[in-house]
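Enquirer: Here it is: the structure, laid out below.
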Amino acid sequence: MAVKTEGIKKREKDNSLQEFQDILKEAIDVLDYPDQVFDFLKTPMRFLEVCIPIQMDNGETRMFQGYRAQHNDATGPTKGGIRFHPDVTPEEVKALAGWMSLKCGITDLPYGGAKGGIVCDPRQMSLSELERLSRGYVRAVSQIVGPTKDIPAPDMYTNSQIMAWMLDEYDHIREFDSPGFITGKPLSLGGSKGRETATSKGVLYTLQMVSDLKKMPIQGMRVIIQGFGNVGSYLAMYLHELGAKVVGISDELGGLYDPNGLDIPYLLENRDSYGVVTNLFKDSLSNQELLEKECDVLIPAAISGVINKDNVERLQCKILIEAANGPTTKETIKILDEKGILLVPDILANSGGVIVSYFEWCQNNQGYYWTEELVDKRLKEKITASFLNVYHTSQKFSVNMKIAAYIEGIRKIAEASRLRGWVRF
């Protein structure tokens with residue numbers, strides 16, 4: 001049965017790469033770097049487009065379009081997820097790879113950024129079809145990926161099982177066991193404890209820093225989370241356990257809002273594997289209506305571009321934390337500043353996933369595995385240090401947190417590229 005997509009509409013035009021480039025240029029100008037640095041960083045160093053033939057369960061062969069972008073490898077191998085989604089575009093993948101480079105710079109990881117994607121709707125595919133597609137993608141990109149080249153990970157609509165299939169396919173191609181090829185794996189195949197919840201915990205630790213900064217206790221804080229997939233659902237659970245009032249959540253079909261707080265345990269228990277739960281309720285809102293409801297903290301954790309010029313004036317939050325990639329458009333940043341809404345940017349707030357992916361890669365390389373407590377401790381240390389660096393940079397240059405995060409992300413990449421002789425400044 002087809003899944004309706006009311007509430008989150010298909011994007012008419014993907015401006016994500018232009019958004020990345022515009023803010024990149026602004027941050028580079030603040031740093032007073034020459035134009036050649038912008039010209040070098042505005043697009044990926046490599047971009048591969050592939051066509052993947054897959055036999056479907058009905059015997060037909062379908063062609064799937066796939067992409068892999070490697071933004072910059074000056075600081076080390078590139079790193080980034082693979083998303084399965086019907087709206088994947090080359091521009092989106094290129095932008096996401098650039099954002100991943102900045103995340104690695106902000107968090108001081110020895111990586112550059114990468115990203116992959118396949119144009120497909122996994123909700124309409126069987127497990128056997130998804131396995132064939134996952135293996136087909138690895139075969140198509142195998143020449144440019146690897147544990148010292150480019151290390152994939154899960155992303156939108158992909159998970160540890162898909163990573164396991166991809167790992168197995170890569171091992172067959174290379175004819176040796178290589179757990180460091182991919183992260184986000186099941187524990188029994190070399191995955192790291194704490195990886196599945198890493199992005200959510202990173203957002204939580206970021207919110208705790210903001211809570212201290214603004215002197216707004218999390219106990220009783222009213223929070224709206226747009227998106228109830230892996231990141232949004234774990235985040236809702238953690239906030240509920242800490243005494244916050246999660247007054248709104250949404251999935252791709254719509255949103256739920258209760259100013260007294262939603263029954264988060266019930267919603268978690270009854271959501272499906274793609275995070276859909278609003279279909280169980282008669283009186284649901286649209287995603288757009290939910291974004292404009294009153295709250296202390298608004299956390300977009302779904303897709304890009306949901307906060308834009310058409311709705312930014314109607315936001316009723318005090319803090320906006322970007323758990324998704326690119327949920328606010330560039331044109332809204334100034335308006336958010338004018339409204340006194342603190343924006344915590346995606347390349348800082350949702351960096352928990354790549355941080356713990358790095359921990360997983362380290363454990364694979366060492367053959368020594370950490371406890372979940374140690375993973376969480378080191379994740380919190382990284383996120384806390386990164387937040388403070390970005391905040392202090394925003395104060396030093398008198399810029400908002402978005403520009404400050406770009407500045408912090410650019411510095412390491414630019415310096416590594418200068419030392420290699422790729423750019424001069």
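Residues are named by chain letter and number: chains run A, B, ... in the order of the structure tokens, numbers start at 1 in each chain, and ligands are numbered from 1 in the order shown.
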Do you know which residues are at most 9 Å from stretch 172-188 of chain A counting only C-alpha atoms, after dropping those on the same chain fewer than 2 positions away, and could you put them as a PyMOL selection string?
Expert: chain A and resi 81+139+142+145-154+159-164+166-170+190-193+195-196+353+356-358+360-365
Enquirer: Just the alpha helix (DSSP H) stuff from stretch 169-314 of chain A, please, per backbone DSSP, written as an MDAnalysis selection string.
Expert: chainID A and resid 169:174 198:214 230:241 264:270 287:291
Enquirer: Please produce an output containing C-alpha atoms for each residue in the selection, written as a PDB file, in the first residue's frame.
Expert:
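Okay, this is what ended up in result-v1.pdb:
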```
ATOM      1  CA  GLU A 169      29.611  -7.020  -0.261  1.00  0.00           C
ATOM      2  CA  TYR A 170      32.782  -4.954   0.181  1.00  0.00           C
ATOM      3  CA  ASP A 171      34.494  -7.877   1.952  1.00  0.00           C
ATOM      4  CA  HIS A 172      33.621 -10.161  -0.976  1.00  0.00           C
ATOM      5  CA  ILE A 173      35.026  -7.658  -3.473  1.00  0.00           C
ATOM      6  CA  ARG A 174      38.244  -7.036  -1.551  1.00  0.00           C
ATOM      7  CA  ALA A 198      24.593   9.122  18.941  1.00  0.00           C
ATOM      8  CA  THR A 199      22.924  11.868  16.908  1.00  0.00           C
ATOM      9  CA  SER A 200      20.067  12.191  19.403  1.00  0.00           C
ATOM     10  CA  LYS A 201      22.437  12.323  22.365  1.00  0.00           C
ATOM     11  CA  GLY A 202      24.556  14.907  20.578  1.00  0.00           C
ATOM     12  CA  VAL A 203      21.478  17.107  20.129  1.00  0.00           C
ATOM     13  CA  LEU A 204      20.585  16.521  23.794  1.00  0.00           C
ATOM     14  CA  TYR A 205      24.066  17.512  25.005  1.00  0.00           C
ATOM     15  CA  THR A 206      23.874  20.616  22.808  1.00  0.00           C
ATOM     16  CA  LEU A 207      20.503  21.505  24.332  1.00  0.00           C
ATOM     17  CA  GLN A 208      21.983  21.082  27.804  1.00  0.00           C
ATOM     18  CA  MET A 209      24.704  23.597  26.900  1.00  0.00           C
ATOM     19  CA  VAL A 210      22.055  26.035  25.654  1.00  0.00           C
ATOM     20  CA  SER A 211      20.012  25.410  28.799  1.00  0.00           C
ATOM     21  CA  ASP A 212      22.985  26.470  30.932  1.00  0.00           C
ATOM     22  CA  LEU A 213      23.741  29.442  28.678  1.00  0.00           C
ATOM     23  CA  LYS A 214      20.169  30.742  28.725  1.00  0.00           C
ATOM     24  CA  ASN A 230      15.565   7.514  14.678  1.00  0.00           C
ATOM     25  CA  VAL A 231      16.832  10.924  15.819  1.00  0.00           C
ATOM     26  CA  GLY A 232      13.518  12.483  16.800  1.00  0.00           C
ATOM     27  CA  SER A 233      12.146   9.483  18.670  1.00  0.00           C
ATOM     28  CA  TYR A 234      15.242   8.884  20.811  1.00  0.00           C
ATOM     29  CA  LEU A 235      15.463  12.606  21.519  1.00  0.00           C
ATOM     30  CA  ALA A 236      11.823  12.682  22.615  1.00  0.00           C
ATOM     31  CA  MET A 237      12.475   9.754  24.953  1.00  0.00           C
ATOM     32  CA  TYR A 238      15.543  11.386  26.537  1.00  0.00           C
ATOM     33  CA  LEU A 239      13.783  14.722  27.028  1.00  0.00           C
ATOM     34  CA  HIS A 240      10.724  13.051  28.519  1.00  0.00           C
ATOM     35  CA  GLU A 241      12.950  11.176  30.969  1.00  0.00           C
ATOM     36  CA  ILE A 264       5.814   9.982  24.675  1.00  0.00           C
ATOM     37  CA  PRO A 265       6.052   6.352  25.946  1.00  0.00           C
ATOM     38  CA  TYR A 266       2.750   5.554  24.178  1.00  0.00           C
ATOM     39  CA  LEU A 267       3.898   7.179  20.925  1.00  0.00           C
ATOM     40  CA  LEU A 268       7.222   5.345  21.003  1.00  0.00           C
ATOM     41  CA  GLU A 269       5.501   2.046  21.638  1.00  0.00           C
ATOM     42  CA  ASN A 270       3.075   2.481  18.729  1.00  0.00           C
ATOM     43  CA  ASN A 287       3.792  19.660   9.756  1.00  0.00           C
ATOM     44  CA  GLN A 288       3.569  23.348   8.889  1.00  0.00           C
ATOM     45  CA  GLU A 289       1.006  24.058  11.609  1.00  0.00           C
ATOM     46  CA  LEU A 290       3.118  22.255  14.182  1.00  0.00           C
ATOM     47  CA  LEU A 291       6.222  24.337  13.411  1.00  0.00           C
TER      48      LEU A 291
END
```
Enquirer: Nearest to A:Pro90 among A:Asp155, A:Asp14, A:Asp35, A:Asp73, with distances taken over only C-alpha atoms: which residue is it?
Expert: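 When distances to A:Pro90 are compared using only C-alpha atoms, the smallest one comes from A:Asp14.
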Enquirer: I want to know what sits within 7 Å of stretch 128-136 of chain A, based on only C-alpha atoms, with residues of the same chain fewer than 2 positions away left out; could you give that as number ranges by chain?
Expert: A: 52, 54, 56-57, 122, 125-126, 138-140, 162, 165-166, 169
Enquirer: As a ChimeraX atom specification, list the residues of stretch 226-314 of chain A assigned to strand (DSSP E) by DSSP on the backbone atoms of this structure.
Expert: /A:226,245-251,254-257,297-300
Enquirer: Counting only C-alpha atoms, what is within 10 Å of A:Ile355, bar same-chain residues fewer than 4 positions away, as a VMD selection string?
Expert: chain A and resid 103 to 104 107 to 109 195 198 to 199 202 350 to 351 359 to 361 375 378 to 380 382 to 383
Enquirer: For stretch 386-394 of chain A, please output as JSON, numbers by chain all residues within 8 Å (counting only C-alpha atoms; exclusion window: fewer than 5 positions along the same chain).
Expert: {"A": [106, 107, 206, 209, 348, 399, 400, 401, 403, 404, 405, 407, 408]}
Enquirer: Would you save the residues of that selection, restricted to N, CA and C atoms, as a short mmCIF file (atom, residue, chain, number, x, y, z; two decimals), in the first residue's frame?
Expert:
```
data_model
loop_
_atom_site.label_atom_id
_atom_site.label_comp_id
_atom_site.auth_asym_id
_atom_site.auth_seq_id
_atom_site.Cartn_x
_atom_site.Cartn_y
_atom_site.Cartn_z
N ILE A 106 34.71 21.17 12.81
CA ILE A 106 34.21 21.69 14.08
C ILE A 106 34.58 20.75 15.23
N THR A 107 34.43 19.44 15.01
CA THR A 107 34.63 18.45 16.07
C THR A 107 36.05 17.89 16.09
N THR A 206 23.88 19.24 23.30
CA THR A 206 23.87 20.62 22.81
C THR A 206 22.79 21.42 23.52
N MET A 209 23.81 22.43 26.92
CA MET A 209 24.70 23.60 26.90
C MET A 209 23.90 24.89 26.74
N LEU A 348 26.81 21.65 13.95
CA LEU A 348 27.23 21.48 15.34
C LEU A 348 26.28 20.52 16.07
N VAL A 399 29.20 37.44 15.18
CA VAL A 399 28.36 36.78 14.18
C VAL A 399 27.45 35.79 14.90
N ASN A 400 26.42 35.32 14.19
CA ASN A 400 25.54 34.33 14.79
C ASN A 400 26.21 32.96 14.82
N MET A 401 25.56 32.02 15.49
CA MET A 401 26.14 30.68 15.67
C MET A 401 26.31 29.93 14.35
N ILE A 403 27.13 31.22 11.28
CA ILE A 403 28.37 31.68 10.65
C ILE A 403 29.57 31.22 11.46
N ALA A 404 29.46 31.28 12.79
CA ALA A 404 30.57 30.86 13.65
C ALA A 404 30.90 29.39 13.45
N ALA A 405 29.88 28.55 13.28
CA ALA A 405 30.12 27.13 13.04
C ALA A 405 30.84 26.91 11.72
N ILE A 407 32.82 29.07 10.29
CA ILE A 407 34.20 29.54 10.49
C ILE A 407 35.05 28.45 11.14
N GLU A 408 34.52 27.84 12.21
CA GLU A 408 35.26 26.78 12.90
C GLU A 408 35.49 25.58 11.97
#
```
